[in-house]
Amino acid sequence: MRAVPITVTAVAAAFLLTACGGGDDSSSGGGESKAASGSACAAGDLGMEVGAVNAAPAAGDTGNVTVNLTNNGAQCTLDGFPVVELEADGSSIAVPQDEAAEGQKLTLPEQGTAAFTLTYVRGEEGGSQSLAVKTLKYGLPGGSADQSLPWSYGDVALKDGKTPDASVSAFQQAGD
């Protein structure tokens, strides 16, 4: 499994994209906002690490990309599904929720971890039924997709020219 640490910073504007962090081993939020005990998690308090669990090697293959979140603030709650979009050529396309999954409410203590997984079908590079994804954007429930990370797993197939052949899981408890 390949893991790339990303630093997630608090954003002042709802749609401001964060920059991806470098190649160090730290995954910490640099946000100033701190969630009150038991309140909804704040994106700026969540460190993010991405790993390609099962990258699709060729067109038509299915792959999975897992995003692990670490709570660097006070105890907080994640409820349901993240908001996920795939960005290509300056436009974003929403990724539907996994219809077989059921959202749950997770309480994350300080340094607690959660994860979500994007499952996708790889598209033919440059094909008319493919999306040349450059960025995966995500947001917390009830918000917008305002955190971003680079996509390096190939084109994503389209179901009908507008909908990615992909789905996103609900938040799951991760780690110990």
# chains A, B, ... in the order shown; residues from 1 in each chain; ligands from 1

$ closest_atom_pairs --of "segment 54-126 of chain A" --to "segment 147-157 of chain A" --cutoff "9 Å" --atoms "only C-alpha atoms" --output "CSV"
residue,atom,partner,partner_atom,distance
A:Ala55,CA,A:Tyr153,CA,6.2
A:Ala56,CA,A:Tyr153,CA,7.2
A:Pro57,CA,A:Tyr153,CA,8.3
A:Ala58,CA,A:Gly154,CA,8.6
A:Ala59,CA,A:Ala157,CA,8.0
A:Gly60,CA,A:Ala157,CA,7.7
A:Gly63,CA,A:Tyr153,CA,8.5
A:Val65,CA,A:Tyr153,CA,8.7
A:Leu86,CA,A:Trp151,CA,8.7
A:Tyr120,CA,A:Val156,CA,6.7
A:Val121,CA,A:Ala157,CA,5.6
A:Arg122,CA,A:Val156,CA,4.6
A:Gly123,CA,A:Ala157,CA,3.8
A:Glu124,CA,A:Asp155,CA,6.5
A:Glu125,CA,A:Asp155,CA,5.7
A:Gly126,CA,A:Asp155,CA,7.8

$ write_last_selection --atoms "N, CA and C atoms" --output "tab-separated table (two decimals), in the first residue's frame"
chain	number	residue	atom	x	y	z
A	55	ALA	N	-5.38	0.11	-6.51
A	55	ALA	CA	-5.51	0.95	-7.69
A	55	ALA	C	-5.84	0.08	-8.90
A	56	ALA	N	-6.78	0.53	-9.72
A	56	ALA	CA	-7.17	-0.21	-10.92
A	56	ALA	C	-6.06	-0.11	-11.96
A	57	PRO	N	-5.48	-1.23	-12.39
A	57	PRO	CA	-4.34	-1.18	-13.31
A	57	PRO	C	-4.70	-0.89	-14.77
A	58	ALA	N	-5.92	-1.23	-15.21
A	58	ALA	CA	-6.27	-1.07	-16.62
A	58	ALA	C	-7.73	-0.67	-16.76
A	59	ALA	N	-8.07	-0.12	-17.92
A	59	ALA	CA	-9.46	0.29	-18.20
A	59	ALA	C	-10.40	-0.88	-17.95
A	60	GLY	N	-11.50	-0.60	-17.25
A	60	GLY	CA	-12.50	-1.61	-16.92
A	60	GLY	C	-12.28	-2.26	-15.57
A	63	GLY	N	-10.99	-0.16	-8.76
A	63	GLY	CA	-9.99	0.20	-7.78
A	63	GLY	C	-10.63	0.84	-6.56
A	65	VAL	N	-9.64	3.66	-3.32
A	65	VAL	CA	-8.73	4.63	-2.71
A	65	VAL	C	-9.32	4.99	-1.35
A	86	LEU	N	-14.96	14.60	-8.07
A	86	LEU	CA	-13.79	14.38	-8.90
A	86	LEU	C	-13.67	15.59	-9.81
A	120	TYR	N	-13.91	2.97	-7.65
A	120	TYR	CA	-14.08	3.50	-8.99
A	120	TYR	C	-13.73	2.46	-10.05
A	121	VAL	N	-14.25	2.67	-11.25
A	121	VAL	CA	-13.88	1.86	-12.40
A	121	VAL	C	-12.97	2.72	-13.26
A	122	ARG	N	-11.81	2.17	-13.60
A	122	ARG	CA	-10.86	2.93	-14.40
A	122	ARG	C	-11.37	3.04	-15.83
A	123	GLY	N	-11.25	4.25	-16.36
A	123	GLY	CA	-11.67	4.51	-17.73
A	123	GLY	C	-10.50	4.41	-18.69
A	124	GLU	N	-10.83	4.38	-19.97
A	124	GLU	CA	-9.81	4.35	-21.01
A	124	GLU	C	-9.20	5.74	-21.13
A	125	GLU	N	-7.88	5.82	-21.06
A	125	GLU	CA	-7.22	7.12	-21.10
A	125	GLU	C	-7.60	7.87	-22.37
A	126	GLY	N	-8.16	9.08	-22.19
A	126	GLY	CA	-8.56	9.92	-23.31
A	126	GLY	C	-9.85	9.50	-23.97

$ select_by_dssp --residues "segment 41-154 of chain A" --states "strand (DSSP E)" --output "VMD selection string"
chain A and resid 46 to 54 62 to 71 76 to 79 83 to 88 91 to 94 105 to 108 113 to 121 130 to 131 135 to 139 147 to 150

$ closest_residue --among "A:Gly47, A:Pro141, A:Pro164, A:Gly80" --to "Ser92 of chain A" --atoms "only C-alpha atoms"
A:Pro164

$ atom_distance --atom1 "atom CA of Phe171 of chain A" --atom2 "atom CA of Val83 of chain A"
10.8 Å

$ residues_around --residues "Gly161 of chain A" --least-positions-apart "4" --cutoff "8 Å" --atoms "only C-alpha atoms" --output "number ranges by chain"
A: 128-130

$ write_last_selection --atoms "N, CA and C atoms" --output "tab-separated table (two decimals), in the first residue's frame"
chain	number	residue	atom	x	y	z
A	128	SER	N	-13.92	8.83	-24.73
A	128	SER	CA	-15.09	9.71	-24.62
A	128	SER	C	-15.96	9.37	-23.41
A	129	GLN	N	-15.85	8.16	-22.89
A	129	GLN	CA	-16.61	7.76	-21.71
A	129	GLN	C	-15.70	7.69	-20.47
A	130	SER	N	-14.69	8.57	-20.45
A	130	SER	CA	-13.76	8.62	-19.33
A	130	SER	C	-13.59	10.05	-18.85

$ residues_around --residues "Lys105 of chain A" --least-positions-apart "3" --cutoff "8 Å" --atoms "only C-alpha atoms" --output "MDAnalysis selection string"
chainID A and resid 77:80

$ closest_residue --among "A:Asp45, A:Asp146, A:Glu99, A:Asp160" --to "Leu69 of chain A" --atoms "only C-alpha atoms"
A:Asp45

$ closest_residue --among "A:Ala166, A:Ala40, A:Cys76, A:Leu158" --to "Pro109 of chain A" --atoms "only C-alpha atoms"
A:Cys76

$ closest_residue --among "A:Asp61, A:Gly103, A:Gln75, A:Gly90" --to "Ser39 of chain A" --atoms "only C-alpha atoms"
A:Gln75
